[in-house]
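J.: Once you've had a glance at the structure underneath, I'll fire off some questions.
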Amino acid sequence: MASTKEKVLALAHQYFEDTVSNRRHLHQNPELSFEEYNTSAFVKAQLDELGIPYEAKADTGIVALIKGDLPSDEVIALRADMDALPIQEVEGRSYGSKNPGVMHACGHDVHTSSLLGTAKILNSLKAEFGGTIKLIFQPGEERLPGGASLMIKEGALQNPAPSAIIGQHVMPFIEVGKVGFREGKYMASCDELFMTVKGRGGHGAHPHQNIDPIVITAQIITALQQIASRFADPRTPTVLSFGKIIANGATNIIPDQVYLEGTFRTFDEEWRAEAHERMVKIAVGIAESMGAICEFEVRKGYPFLINEPQLTKSARTFAEEYLGKENVVDLDLWPAAEDFSYYSQEINACFYRLGTGNAARGISSAVHTPTFDVDESSLEISTGLMAYITLRRLGY
């Protein structure tokens, strides 16, 4: 009798071409966050073909259930995100985006098509295992407040309540054929910063008659760097960056105000809250001391992502069984953010990385770039591995 691994490998291979076809369809028809209407309809049609029941959540989100035929109360959730980014894809790809200015530049087409492929594998084997597998296809990972938070609010983790949730994400810096795991804290929280420093503009030759918001802003930016360098515990990675500054003055014109946008990221929720207060206090205080006004908004984003150690350790062991120990690598802390973190704050979670790079073929561009692509052979691994981890967690 064939082993679980042999069965999953065979089914992953059997459904590989379908998974590639689905990925290319999704890649050609990307939709922005919370606008995934056609994508959602496509997923529903696929589930209908498989006879897998589902319900809508958060408008375009979907929660589907596969119930094993054997007795078991165990419930495991698997998650994929469906939205694309406002990026114009490079020309010349036969499967390139048909929607101008919109592109699956973060691999969500891979995540969605892979979860559909995993669903096919698990559905084919449901007579042989017990338990329920909850498939979560969520919208809006790329935009606040994050589709995961909305799915949770609408009961995606209830009725039935999973004991664990597993997600995977493409990683172009890991070669195809390999996957990466990290126990504990993995990805950062992410907050958006919006600041306006209001002074009094005038002629650059008469600075004494003005309240120069540019000089004051420079002081604020410099002082705020102490949030990371002096106030943060050195053992807690902290990033504070400003990526947009608009003054709209001229060589001889001091403007009335300066507008800034930035990001704050860290790995500790208590320190995160403290840092928010410190940033506002420092910026407002400096502005007031120099005769200006500072309006500072901290728009709270995703929390940090934590991989529950025991769940992640077992998932890594199963990945080593499926792919070979040499093809499972360690991950470093990653200061990017992911709304899968909302799930990880609610229940035991494991978020691992799927290698999609192929340097020899020139497939190495980072996510969120117009040239991003994946080695599609990773789709046979993505579907099979997630199915195998799930089945082993269910004791099959």
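Residue numbering restarts at 1 in every chain; chains get A, B, ... in the order shown in the structure tokens, and ligands count up from 1 in that same order.
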Do a neighbour search on Gly180 of chain A at 7 Å with only C-alpha atoms, toss out local chain neighbours closer than 2 positions, and write the hits as a PyMOL selection string.
T.: chain A and resi 178+328-331+352-354
J.: Residues of segment 324-395 of chain A that have any atom at most 9 Å from an atom of segment 87-99 of chain A: could you tabulate them with the shortest-distance atom pair and the distance in Å to one decimal, using only C-alpha atoms, ordered by chain and increasing number, as CSV?
T.:
```
residue,atom,partner,partner_atom,distance
A:His368,CA,A:Ile87,CA,7.6
A:Thr369,CA,A:Ile87,CA,7.3
A:Pro370,CA,A:Glu89,CA,4.5
A:Thr371,CA,A:Val90,CA,5.9
A:Phe372,CA,A:Glu89,CA,8.3
```
J.: Do you know which residues are at most 12 Å from Tyr37 of chain A counting only C-alpha atoms, after dropping those on the same chain fewer than 2 positions away, and could you put them as a list of chain:residue names?
T.: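 Near neighbours after the sequence-gap exclusion: A:Leu26, A:Asn29, A:Pro30, A:Glu31, A:Leu32, A:Ser33, A:Phe34, A:Glu35, A:Thr39, A:Ser40, A:Ala41, A:Phe42, A:Val43, A:Lys44, A:Ala56, A:Ala58, A:Asp59, A:Thr60, A:Gly61, A:Ile62, A:Met82, A:Asp83, A:Gln138, A:Pro139, A:Gly140.
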J.: Could you save those same residues with N, CA and C atoms as a compact mmCIF listing (two decimals), in the first residue's frame?
T.:
```txt
# COMPACT_ATOMS: atom_id res chain seq x y z
N LEU A 26 -5.01 33.61 -12.97
CA LEU A 26 -5.06 34.63 -11.92
C LEU A 26 -4.03 35.73 -12.18
N ASN A 29 -5.24 38.16 -14.68
CA ASN A 29 -6.45 38.90 -14.30
C ASN A 29 -6.38 39.37 -12.85
N PRO A 30 -5.38 40.16 -12.52
CA PRO A 30 -5.20 40.59 -11.12
C PRO A 30 -6.22 41.66 -10.73
N GLU A 31 -6.55 41.67 -9.44
CA GLU A 31 -7.46 42.68 -8.91
C GLU A 31 -6.90 43.23 -7.61
N LEU A 32 -7.11 44.52 -7.41
CA LEU A 32 -6.56 45.19 -6.23
C LEU A 32 -7.29 44.78 -4.96
N SER A 33 -6.72 45.16 -3.84
CA SER A 33 -7.25 44.80 -2.53
C SER A 33 -8.71 45.21 -2.37
N PHE A 34 -9.52 44.27 -1.91
CA PHE A 34 -10.95 44.44 -1.65
C PHE A 34 -11.75 44.66 -2.94
N GLU A 35 -11.13 44.38 -4.08
CA GLU A 35 -11.83 44.44 -5.36
C GLU A 35 -11.75 43.10 -6.09
N THR A 39 -11.81 37.27 -9.11
CA THR A 39 -10.96 36.26 -8.48
C THR A 39 -11.79 35.38 -7.56
N SER A 40 -12.64 36.00 -6.76
CA SER A 40 -13.50 35.26 -5.85
C SER A 40 -14.44 34.34 -6.62
N ALA A 41 -15.01 34.85 -7.71
CA ALA A 41 -15.91 34.03 -8.53
C ALA A 41 -15.17 32.84 -9.13
N PHE A 42 -13.92 33.06 -9.52
CA PHE A 42 -13.11 31.98 -10.09
C PHE A 42 -12.85 30.90 -9.05
N VAL A 43 -12.50 31.30 -7.84
CA VAL A 43 -12.26 30.33 -6.77
C VAL A 43 -13.53 29.55 -6.45
N LYS A 44 -14.64 30.24 -6.37
CA LYS A 44 -15.91 29.57 -6.09
C LYS A 44 -16.24 28.54 -7.17
N ALA A 56 -19.31 32.95 1.81
CA ALA A 56 -18.60 34.21 1.61
C ALA A 56 -18.36 34.91 2.94
N ALA A 58 -16.42 38.75 4.39
CA ALA A 58 -15.74 40.01 4.07
C ALA A 58 -15.88 40.37 2.59
N ASP A 59 -17.07 40.20 2.07
CA ASP A 59 -17.43 40.54 0.69
C ASP A 59 -16.82 39.59 -0.33
N THR A 60 -15.51 39.68 -0.57
CA THR A 60 -14.89 38.83 -1.59
C THR A 60 -14.17 37.62 -1.01
N GLY A 61 -14.12 37.50 0.31
CA GLY A 61 -13.45 36.36 0.93
C GLY A 61 -14.30 35.10 0.88
N ILE A 62 -13.64 33.96 1.06
CA ILE A 62 -14.31 32.66 0.99
C ILE A 62 -13.76 31.76 2.09
N MET A 82 -5.56 36.80 -1.96
CA MET A 82 -5.96 36.84 -3.37
C MET A 82 -5.69 38.16 -4.08
N ASP A 83 -5.31 39.22 -3.38
CA ASP A 83 -5.23 40.54 -4.01
C ASP A 83 -3.88 40.79 -4.68
N GLN A 138 -8.65 34.81 1.40
CA GLN A 138 -8.97 36.12 1.96
C GLN A 138 -8.61 37.27 1.02
N PRO A 139 -9.35 38.36 1.12
CA PRO A 139 -9.03 39.55 0.33
C PRO A 139 -8.05 40.46 1.06
N GLY A 140 -7.58 41.48 0.36
CA GLY A 140 -6.98 42.65 0.96
C GLY A 140 -5.80 42.50 1.89
```
J.: Mind checking which residues fall within 8 Å of Ala80 of chain A, counting only C-alpha atoms, ignoring those fewer than 6 positions away in the same chain, and posting them as a PyMOL selection string?
T.: chain A and resi 108+111-112+115+136-138+167-168
J.: I need the residues from that last selection saved to file as a CSV table (one decimal), in the first residue's frame (with C-alpha atoms), if you can.
T.:
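Writing done, so here's out.csv:
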```csv
chain,number,residue,atom,x,y,z
A,108,HIS,CA,-0.8,35.9,-4.2
A,111,HIS,CA,-0.9,31.3,-3.0
A,112,THR,CA,-4.5,31.1,-4.3
A,115,LEU,CA,-4.5,26.3,-2.1
A,136,ILE,CA,-9.5,30.5,3.9
A,137,PHE,CA,-9.3,32.6,0.7
A,138,GLN,CA,-9.0,36.1,2.0
A,167,GLY,CA,0.0,29.7,5.5
A,168,GLN,CA,2.8,29.9,2.9
```
J.: Residues within 6 Å of Ala77 of chain A, please, as a PyMOL selection string. Count only C-alpha atoms; anything in the same chain fewer than 3 positions from it doesn't count.
T.: chain A and resi 133-135+162+165
J.: Residues of the last selection are to be written out with C-alpha atoms, as a PDB file, in the first residue's frame.
T.:
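The new file again_1.pdb reads:
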```
ATOM      1  CA  ILE A 133      -9.864  21.299   6.867  1.00  0.00           C
ATOM      2  CA  LYS A 134     -10.915  24.923   6.631  1.00  0.00           C
ATOM      3  CA  LEU A 135      -9.764  26.712   3.475  1.00  0.00           C
ATOM      4  CA  PRO A 162      -9.472  25.470  14.078  1.00  0.00           C
ATOM      5  CA  ILE A 165      -3.683  27.735  10.895  1.00  0.00           C
TER       6      ILE A 165
END
```
